[in-house]
$ cat my_file27.txt   # compact mmCIF, C-alpha atoms and all ligand atoms
# COMPACT_ATOMS: atom_id res chain seq x y z
CA MET A 81 -47.54 -32.98 -8.62
CA THR A 82 -44.71 -32.21 -6.20
CA ASP A 83 -45.31 -30.62 -2.81
CA LEU A 84 -46.38 -27.02 -3.16
CA PRO A 85 -44.86 -24.31 -1.02
CA ASN A 86 -47.09 -22.57 1.54
CA TYR A 87 -48.99 -19.63 0.15
CA THR A 88 -51.80 -17.26 0.94
CA VAL A 89 -54.47 -15.98 -1.40
CA ARG A 90 -55.57 -12.38 -1.54
CA VAL A 91 -58.49 -11.15 -3.60
CA SER A 92 -57.83 -7.79 -5.16
CA LEU A 93 -60.64 -5.81 -6.74
CA ARG A 94 -58.13 -3.89 -8.81
CA ALA A 95 -56.26 -6.92 -10.13
CA LYS A 96 -57.03 -7.68 -13.78
CA CYS A 97 -55.20 -10.99 -13.82
CA VAL A 98 -53.63 -13.36 -11.33
CA ARG A 99 -50.10 -12.69 -10.12
CA LEU A 100 -47.65 -14.09 -7.57
CA SER A 101 -45.72 -12.03 -5.12
CA LEU A 102 -42.96 -13.11 -2.77
CA SER A 103 -41.71 -11.05 0.15
CA VAL A 104 -39.97 -11.52 3.48
CA GLU A 105 -42.99 -10.11 5.29
CA ASP A 106 -45.81 -12.01 3.55
CA GLY A 107 -44.11 -15.04 2.03
CA LEU A 108 -45.70 -16.34 -1.16
CA GLU A 109 -48.92 -14.56 -1.98
CA VAL A 110 -51.32 -15.26 -4.84
CA VAL A 111 -53.19 -12.11 -5.79
CA ILE A 112 -56.33 -12.88 -7.74
CA PRO A 113 -59.11 -10.82 -9.36
CA ALA A 114 -62.56 -11.19 -7.81
CA ASN A 115 -63.86 -13.67 -10.37
CA TYR A 116 -60.82 -15.98 -10.42
CA ASP A 117 -61.36 -19.74 -10.10
CA LEU A 118 -59.58 -20.82 -6.87
CA LEU A 119 -59.17 -24.37 -8.19
CA LYS A 120 -56.69 -23.12 -10.75
CA ILE A 121 -54.23 -21.91 -8.11
CA PRO A 122 -52.33 -25.15 -7.32
CA GLU A 123 -51.62 -25.72 -11.01
CA LEU A 124 -50.47 -22.12 -11.40
CA ILE A 125 -48.04 -22.49 -8.50
CA GLN A 126 -46.80 -25.77 -9.89
CA LYS A 127 -46.01 -24.03 -13.17
CA LYS A 128 -44.25 -21.16 -11.43
CA GLN A 129 -42.00 -23.34 -9.22
CA ASP A 130 -38.82 -22.16 -10.98
CA TRP A 131 -39.74 -18.51 -10.59
CA ILE A 132 -40.57 -19.07 -6.92
CA ALA A 133 -37.31 -20.91 -6.21
CA ARG A 134 -35.26 -18.28 -8.02
CA ASN A 135 -36.85 -15.41 -6.17
CA GLN A 136 -36.72 -17.23 -2.84
CA ASP A 137 -32.95 -17.57 -3.31
CA LYS A 138 -32.67 -13.86 -4.00
CA LEU A 139 -34.69 -13.04 -0.90
CA ASP A 140 -32.58 -15.36 1.25
CA ALA A 141 -29.38 -13.76 -0.02
CA ARG A 142 -30.70 -10.29 0.66
CA GLU A 143 -31.85 -11.29 4.13
CA ALA A 144 -28.43 -12.71 4.95
CA PHE A 145 -26.85 -9.52 3.67
CA PHE A 146 -28.99 -7.26 5.83
CA GLN A 147 -28.59 -9.52 8.85
CA SER A 148 -24.87 -9.00 8.57
CA GLN A 149 -25.15 -5.20 8.36
CA ALA A 150 -24.50 -4.68 12.02
CA PRO A 151 -20.91 -3.48 12.18
CA ASP A 152 -21.00 -2.95 15.94
CA GLN A 153 -21.84 -6.53 16.68
CA LEU A 154 -19.51 -9.47 16.77
CA PRO A 155 -20.41 -12.42 14.55
CA THR A 156 -21.56 -15.56 16.32
CA CYS A 157 -21.38 -17.75 13.26
CA ILE A 158 -19.28 -17.95 10.12
CA LYS A 159 -20.65 -19.92 7.20
CA LEU A 160 -17.96 -21.02 4.77
CA ARG A 161 -20.05 -22.39 1.94
CA SER A 162 -17.05 -23.39 -0.17
CA LEU A 163 -15.89 -25.82 2.51
CA ASN A 164 -19.34 -26.74 3.70
CA GLU A 165 -18.38 -25.60 7.21
CA GLU A 166 -20.39 -23.55 9.63
CA TRP A 167 -18.28 -22.28 12.53
CA GLN A 168 -19.83 -21.09 15.76
CA ILE A 169 -17.95 -18.34 17.59
CA GLU A 170 -17.86 -17.97 21.33
CA TYR A 171 -16.34 -15.03 23.19
CA GLN A 172 -14.68 -15.25 26.57
CA GLN A 173 -13.86 -12.14 28.52
CA ILE A 174 -10.52 -12.38 30.31
CA ALA A 175 -9.18 -9.15 31.73
CA HIS A 176 -5.87 -9.90 33.40
CA LYS A 177 -3.64 -6.95 34.05
CA SER A 178 -1.34 -8.09 31.28
CA ASP A 179 -4.26 -8.27 28.87
CA HIS A 180 -4.84 -4.54 28.72
CA LYS A 181 -2.33 -4.01 25.99
CA SER A 182 -3.26 -4.58 22.38
CA GLY A 183 -2.55 -7.93 20.80
CA THR A 184 -3.81 -9.87 23.75
CA ILE A 185 -6.86 -11.32 22.07
CA ARG A 186 -6.41 -14.90 21.03
CA ILE A 187 -8.43 -17.25 18.87
CA LYS A 188 -8.69 -21.00 19.40
CA GLU A 189 -10.11 -23.63 17.12
CA ILE A 190 -12.07 -26.51 18.52
CA ASN A 191 -11.84 -28.40 15.31
CA ASN A 192 -14.07 -31.41 15.54
CA GLN A 193 -16.89 -29.18 16.72
CA LEU A 194 -16.31 -26.40 14.16
CA GLN A 195 -16.07 -23.94 16.99
CA LEU A 196 -13.95 -20.84 17.50
CA VAL A 197 -13.26 -19.29 20.86
CA VAL A 198 -12.08 -15.70 21.03
CA VAL A 199 -10.43 -15.03 24.38
CA GLY A 200 -9.29 -11.72 25.87
CA ASN A 201 -10.68 -8.24 26.16
CA ILE A 202 -13.72 -8.88 24.01
CA ALA A 203 -15.08 -5.39 24.62
CA ASP A 204 -12.49 -4.39 22.06
CA ILE A 205 -14.72 -5.25 19.10
CA GLU A 206 -12.30 -4.07 16.41
CA SER A 207 -9.53 -6.32 17.69
CA CYS A 208 -11.91 -9.28 17.90
CA LYS A 209 -12.93 -8.77 14.28
CA ALA A 210 -9.32 -8.36 13.23
CA ILE A 211 -8.31 -11.64 14.80
CA ILE A 212 -11.22 -13.48 13.16
CA LYS A 213 -10.20 -11.97 9.82
CA GLN A 214 -6.66 -13.17 10.45
CA TRP A 215 -8.01 -16.65 11.06
CA LEU A 216 -9.96 -16.44 7.77
CA LEU A 217 -6.83 -15.38 5.86
CA GLN A 218 -4.96 -18.40 7.17
CA LYS A 219 -7.86 -20.65 6.35
CA ALA A 220 -7.89 -19.24 2.82
CA GLU A 221 -4.17 -19.97 2.42
CA LYS A 222 -4.66 -23.49 3.61
CA HIS A 223 -7.56 -24.30 1.29
CA LEU A 224 -7.35 -22.02 -1.76
CA PHE A 225 -3.66 -22.70 -2.50
CA SER A 226 -4.13 -26.44 -2.77
CA TRP A 227 -7.46 -26.00 -4.55
CA LEU A 228 -5.87 -23.81 -7.24
CA HIS A 229 -3.05 -26.30 -7.59
CA LYS A 230 -5.54 -29.12 -8.16
CA VAL A 231 -7.47 -27.19 -10.83
CA SER A 232 -4.19 -26.19 -12.48
CA ILE A 233 -3.12 -29.84 -12.74
CA SER A 234 -6.48 -31.05 -14.04
CA THR A 235 -6.69 -28.31 -16.71
CA ASN A 236 -2.99 -28.38 -17.52
CA LEU A 237 -2.81 -24.59 -17.07
CA PRO A 238 0.32 -23.83 -15.00
CA TYR A 239 0.84 -20.63 -12.99
CA ARG A 240 3.81 -19.25 -11.09
CA THR A 241 2.78 -18.15 -7.61
CA THR A 242 -0.36 -17.51 -5.59
CA THR A 243 -1.11 -14.96 -2.94
CA ILE A 244 -4.16 -14.46 -0.78
CA ARG A 245 -5.44 -10.90 -0.74
CA SER A 246 -8.08 -8.98 1.07
CA GLN A 247 -9.80 -6.97 -1.63
CA LYS A 248 -13.11 -5.30 -1.54
CA THR A 249 -14.36 -5.84 -5.07
CA LEU A 250 -12.00 -8.26 -6.77
CA TRP A 251 -12.31 -12.04 -6.42
CA GLY A 252 -9.06 -12.87 -8.10
CA SER A 253 -6.52 -11.64 -10.59
CA CYS A 254 -3.74 -12.94 -12.78
CA SER A 255 -0.69 -10.92 -13.76
CA SER A 256 1.11 -11.13 -17.10
CA ASP A 257 3.83 -13.25 -15.49
CA ARG A 258 1.21 -15.75 -14.32
CA ASN A 259 1.01 -14.82 -10.65
CA ILE A 260 -2.48 -15.41 -9.35
CA SER A 261 -4.00 -13.63 -6.41
CA LEU A 262 -7.17 -14.82 -4.73
CA ASN A 263 -9.49 -13.02 -2.38
CA TYR A 264 -9.91 -14.81 0.97
CA LYS A 265 -13.63 -13.96 0.82
CA LEU A 266 -14.00 -16.72 -1.78
CA LEU A 267 -14.34 -19.02 1.24
CA PHE A 268 -17.87 -17.69 1.72
CA LEU A 269 -19.05 -18.67 -1.77
CA GLU A 270 -20.42 -21.95 -3.05
CA ALA A 271 -17.75 -24.44 -4.09
CA ASN A 272 -18.75 -24.49 -7.77
CA VAL A 273 -18.44 -20.68 -7.93
CA VAL A 274 -14.98 -20.78 -6.31
CA GLU A 275 -13.95 -23.48 -8.75
CA TYR A 276 -15.07 -21.21 -11.58
CA VAL A 277 -12.98 -18.29 -10.26
CA LEU A 278 -9.90 -20.52 -10.07
CA LEU A 279 -10.50 -21.73 -13.62
CA HIS A 280 -11.14 -18.16 -14.81
CA GLU A 281 -7.80 -16.92 -13.43
CA LEU A 282 -5.94 -19.94 -14.78
CA CYS A 283 -7.35 -19.25 -18.26
CA HIS A 284 -5.88 -15.75 -17.99
CA THR A 285 -2.43 -17.38 -17.98
CA ILE A 286 -3.12 -18.05 -21.68
CA GLN A 287 -5.40 -15.11 -22.56
CA MET A 288 -4.81 -11.92 -20.57
CA ASN A 289 -8.14 -10.36 -21.61
CA HIS A 290 -11.83 -11.13 -21.80
CA SER A 291 -11.85 -11.70 -25.55
CA ALA A 292 -13.94 -14.28 -27.37
CA ARG A 293 -10.89 -16.55 -27.36
CA PHE A 294 -10.67 -16.29 -23.59
CA TRP A 295 -14.31 -17.31 -23.12
CA LYS A 296 -13.89 -20.13 -25.61
CA LEU A 297 -11.04 -21.46 -23.49
CA VAL A 298 -13.12 -21.15 -20.31
CA SER A 299 -16.06 -22.90 -21.93
CA ASN A 300 -13.86 -25.83 -22.92
CA PHE A 301 -13.45 -26.60 -19.24
CA GLU A 302 -16.73 -25.26 -17.89
CA PRO A 303 -19.66 -25.11 -20.35
CA ASN A 304 -21.85 -23.57 -17.64
CA TYR A 305 -19.51 -20.59 -17.17
CA LYS A 306 -22.11 -17.91 -17.98
CA ALA A 307 -24.41 -18.89 -15.14
CA LEU A 308 -21.46 -19.18 -12.75
CA ASP A 309 -20.15 -15.77 -13.78
CA LYS A 310 -23.58 -14.32 -13.18
CA SER A 311 -23.87 -15.78 -9.69
CA LEU A 312 -20.40 -14.42 -8.98
CA ASN A 313 -21.67 -10.91 -9.69
CA GLN A 314 -24.24 -11.26 -6.95
CA ALA A 315 -22.02 -13.18 -4.56
CA TRP A 316 -20.91 -10.08 -2.64
CA GLN A 317 -24.19 -10.16 -0.86
CA ILE A 318 -23.33 -13.31 1.04
CA VAL A 319 -19.98 -12.07 2.31
CA PRO A 320 -20.53 -10.72 5.84
CA ALA A 321 -20.43 -6.94 5.74
CA TRP A 322 -18.56 -6.67 9.07
CA LEU A 323 -15.39 -7.85 7.29
CA ASP A 324 -15.26 -4.59 5.38
CA PHE A 325 -15.05 -2.69 8.65
CA CYS A 326 -11.89 -4.49 9.69
ZN ZN B 401 -11.00 -12.14 -15.88
$ encode --input "my_file27.txt" --output "structure tokens"
Amino acid sequence: MTDLPNYTVRVSLRAKCVRLSLSVEDGLEVVIPANYDLLKIPELIQKKQDWIARNQDKLDAREAFFQSQAPDQLPTCIKLRSLNEEWQIEYQQIAHKSDHKSGTIRIKEINNQLQLVVVGNIADIESCKAIIKQWLLQKAEKHLFSWLHKVSISTNLPYRTTTIRSQKTLWGSCSSDRNISLNYKLLFLEANVVEYVLLHELCHTIQMNHSARFWKLVSNFEPNYKALDKSLNQAWQIVPAWLDFC
């Protein structure tokens, strides 16, 4: 038996059968009817490991989403899952006379420490966010262009050009003349999900629709495409909400 997660047991007089509940407030809770045999609980939890893991992931994603719902606050950390990088952000207030005009906020990378320093009039929250977004757009160009190129070569699906876009609800698109656009927010997603988006758009260079033939083509390269497509639908939750206020 593998290690069991922590849990608490609650006896409920109304419960007719045993059930598990998972919440941010209470963690994993086993709710049992009054006459339930406590010795059965470890085995029950063992059997429900998949359910627990799946729901824990959902909770974590939702937590991260709500944590980021503070549009008035500046982010102190940026987690780029696709690159396996977690950047810390520091803010330094410098208010020289010449810094009162707009465009005076600068961003510096301290690369080997994965650290960003935003320098200038940091009371100007909107400008700070805008400059971080600018940094993200450049980062997306640097990584997503070469990534798409690599997938294109390995699948033998050529395209014409790529652009990085800042869209709210679209991860990527492919035009009829094989120009692919990619959302810079892909940087926040897991690498296998990004890889799937790149493949998906490249398959549109052959099939411009979501027909059975399109999915057949996708599945030739990625048999697990259904699960990846599903996680993509929920992936918006892990993109920091403050970016949509830029
Ligand atoms: Zn599509």
$ residues_near_ligand --input "my_file27.txt" --ligand "ligand ZN 401 (chain B)" --cutoff "7 Å" --atoms "only C-alpha atoms and all ligand atoms" --output "MDAnalysis selection string"
chainID A and resid 253 280:281 284 289:290
$ atom_distance --input "my_file27.txt" --atom1 "atom CA of Leu119 of chain A" --atom2 "atom CA of Asp137 of chain A"
27.5 Å
$ closest_residue --input "my_file27.txt" --among "A:Gln287, A:Asn272, A:Thr235, A:Ser255" --to "Asp309 of chain A" --atoms "all atoms listed in the file"
A:Asn272
$ residues_around --input "my_file27.txt" --residues "segment 85-94 of chain A" --least-positions-apart "2" --cutoff "7 Å" --atoms "all atoms listed in the file" --output "ChimeraX atom specification"
/A:83,96,107-114
$ closest_residue --input "my_file27.txt" --among "A:Gln168, A:Asn300, A:Ser234, A:Asn259" --to "Lys188 of chain A" --atoms "only C-alpha atoms"
A:Gln168
$ residues_around --input "my_file27.txt" --residues "Cys208 of chain A" --least-positions-apart "5" --cutoff "12 Å" --atoms "only C-alpha atoms" --output "VMD selection string"
chain A and resid 152 to 156 169 to 173 182 to 187 196 to 203 213 to 215 322 to 323 325 to 326
$ closest_residue --input "my_file27.txt" --among "A:Glu275, A:Glu270, A:Glu143, A:Asp324" --to "Gly252 of chain A" --atoms "all atoms listed in the file"
A:Glu275
$ residues_around --input "my_file27.txt" --residues "Val298 of chain A" --least-positions-apart "2" --cutoff "10 Å" --atoms "all atoms listed in the file" --output "ChimeraX atom specification"
/A:276,279-284,292-296,300-306
$ atom_distance --input "my_file27.txt" --atom1 "atom CA of Leu266 of chain A" --atom2 "atom CA of Arg142 of chain A"
18.1 Å
$ residues_near_point --input "my_file27.txt" --point "(-19.1, -24.2, 11.7)" --cutoff "9 Å" --atoms "only C-alpha atoms" --output "list in words"
Cys157, Ile158, Lys159, Leu160, Asn164, Glu165, Glu166, Trp167, Gln168, Ile169, Gln193, Leu194, Gln195 and Leu196 of chain A
$ closest_residue --input "my_file27.txt" --among "A:Thr242, A:Ala95, A:Leu139, A:Leu228" --to "Asn115 of chain A" --atoms "all atoms listed in the file"
A:Ala95
$ closest_residue --input "my_file27.txt" --among "A:Lys127, A:Lys265, A:His229, A:Lys310" --to "Ser162 of chain A" --atoms "only C-alpha atoms"
A:Lys265
$ atom_distance --input "my_file27.txt" --atom1 "atom CA of Leu84 of chain A" --atom2 "atom CA of Ala144 of chain A"
24.3 Å
$ closest_residue --input "my_file27.txt" --among "A:Ile212, A:Ile190, A:Ala315, A:Leu102" --to "Leu250 of chain A" --atoms "only C-alpha atoms"
A:Ala315
